[in-house]
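**Student:** There's a structure below that I have some questions on.
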Amino acid sequence: MNIVAALLSDYVGFMLLVALLISSRIRRSHGKLELKVFSIITILTMIACVVDFFSFFSDGRDGFWWKTVNLIGNTYCFVVNPIFISAWCLYEDLKLYNSMARVKRIYSIAFIPAIILVVIALINMFFPVIFYIDDMNVYHRLPFSYVFYVIDLCYLIYSNAVLKNYEKQYGKMKFFPLYLMATPVVLGCALQMVFYGVSLIWVSLAVGLTSIYMSLQNEFSYIDILTNLYNRAYLDYKMEAMLKEKNPKVGAIMIDVDYFKSINDTYGHSTGDEALIDVARVIIFSKPDKAIATRFAGDEFILLVNNTNDDEMRKIIESIRGELKYFNETENRPYKLSLSLGYTLFDLDKDTTDTFFKRMDDNMYVEKAQKHGAR
C-alpha cells in the first residue's frame, strides 16, 4: 500500500472520530459508564489512525529512530485491537442491561482472551510471534497475527448474541442497529487479512463507530437521558398512533416510586438518580415485548400496552412485582425499592387521553395511600 493511500485512509478515519467526539461532547459529559467506555474506544481508535500512518511512513526507512517508530507503532495497533473489540462488547452490555453485577460476573471471564492478546503483543517487541521488523526496517506479518482477527470475529459474534438474547427477552432495540457497527469492521478486517499491506481496519472501525452513533442520535428526541426509557414525547406519539387503529385495545400502567423523597434526603440526589435507573431496569426486565416503557415525569413511569385486556394487564403487574422482589433480593443497594401501580384500559366511548391518564393515576394513588397509611 503506498503512503498516499495509507494517509487518505487514516485521515478519513481520524477526522470522522474527531467529528464524533465534538458532536457527542454534551452527551458524554453526563458521566455514564457506558459513555466513558465509548469515549475511550473512540480516542484509542483515533490515536491508532495517526500511529498507523506513521508506521507505514517509517517502514523501510533507514535509522534507529525510524525502526523504533515502526516497532512501537505496529505494537500499539496490535495492543489496541483486542482492547477495542472487548471494550465494545462491554459498552453494548452496559447500554442494554445497565448492571454492574452482570458486568463483573461475565467480563471477568470475557476479557481474558483480550488480555492475553495484549500481553502477547507487548512480548512481541522482544520475541516476535505476531510480526517482526527486519534489518532493513521492513514490517513482516507472521502467521500468529491471524489469531487476532479470529478473536475479533469471536467477540463480534458474542456481541451479536448478547443483543439477540436481550431482544428475545425484552424486545427489539429501536436505536441500536448493531449491523451498522459490525459490517464495516468485518469487511475491513477481512480485506486487511487477505491483502497484505492494506490499511483498512482503523478507518473501518471509525466508520462503524460513527454509523452507530448517528443512529443513536434519535435517542435525544425520544429517550429519557437518565433512565434510557422512552420519554413523554414518545408516549404521546405512540398513544395517538394506537388510538387511530381499528378497534384499539389500549391499556396503561402508572408506576410511582414509594418514599422516593426519603431516598433523596437520606442518600443524596445522585443515589436517587440511581434508584430511578433501577426502577427503569425492573420495568424493562418485566414487561412484555409489545409494551412501551416511558418515564412520564419525575419518579412516575407509564407502561403503555396495545392489543391488551384486563387479564394481561394484571399479569404484567404481577411480573413487575416479581422482578422488583428479585431485584431487592439480589442487588446490594442501600435502599429497597417500593412501587405503587395502577392500571386502566382505554374506553373508546367515554375516554379522552386526559381522562384515561387521570383514571390510571387515581388507581395508582389508591395503592400508594394504602402503603403510606400502613407505614
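Simple scheme: letters A, B, ... for chains in C-alpha cells order, numbers from 1 for residues in each chain, numbers from 1 for ligands in the order shown.
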Just the residues within 12 Å of Tyr326 (chain A), please, counting only C-alpha atoms, with nothing from its chain fewer than 6 positions along; format it as a PyMOL selection string.

**Tutor:** chain A and resi 281-282+285-286+319-320+332+336-337

**Student:** For the selection you just gave me, I'd like the residues written to a file as a short mmCIF file (atom, residue, chain, number, x, y, z; two decimals), in the first residue's frame, keeping C-alpha atoms.

**Tutor:**
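The resulting result_7.cif:
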data_model
loop_
_atom_site.label_atom_id
_atom_site.label_comp_id
_atom_site.auth_asym_id
_atom_site.auth_seq_id
_atom_site.Cartn_x
_atom_site.Cartn_y
_atom_site.Cartn_z
CA ARG A 281 -34.38 -1.71 34.77
CA VAL A 282 -37.09 -3.51 36.76
CA PHE A 285 -36.95 -6.75 32.56
CA SER A 286 -40.55 -7.50 33.48
CA SER A 319 -44.48 -9.67 36.60
CA ILE A 320 -43.29 -6.22 37.70
CA ASN A 332 -26.80 -4.75 47.02
CA LYS A 336 -35.15 -1.17 48.97
CA LEU A 337 -37.32 -0.19 46.03
#

**Student:** DSSP on the backbone, helix (DSSP H, G or I) only: what residues of region 64-202 of chain A does that give? Format it as a PyMOL selection string.

**Tutor:** chain A and resi 64-97+100-110+112-123+143-170+178-194+201-202

**Student:** Of the candidates A:Gln370, A:Asn160, A:Ser215, A:Ser262, which shows the shortest atom-to-atom distance to Ala275 (chain A), using only C-alpha atoms?

**Tutor:**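 Going through A:Gln370, A:Asn160, A:Ser215, A:Ser262 one by one, the smallest distance to Ala275 (chain A) is for A:Ser262.
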
**Student:** Which value, in Å to one decimal, gives the distance between CA of Met181 (chain A) and CA of Leu117 (chain A)?

**Tutor:**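 These two atoms are separated by 22.2 Å.
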
**Student:** Go through A:Phe57, A:Phe78, A:Phe346, A:Trp66 one by one, measure the shortest atom-to-atom distance of each to Val147 (chain A) using only C-alpha atoms, and give the residue with the smallest value.

**Tutor:**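 Once distances to Val147 (chain A) are computed over only C-alpha atoms, the minimum belongs to A:Phe78.
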
**Student:** Give the answer as one residue: which of A:Thr353, A:Asn306, A:Asn231, A:Ser23 has the shortest atom-to-atom distance to Met214 (chain A), using only C-alpha atoms?

**Tutor:**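 Using only C-alpha atoms, the shortest distance to Met214 (chain A) belongs to A:Ser23.
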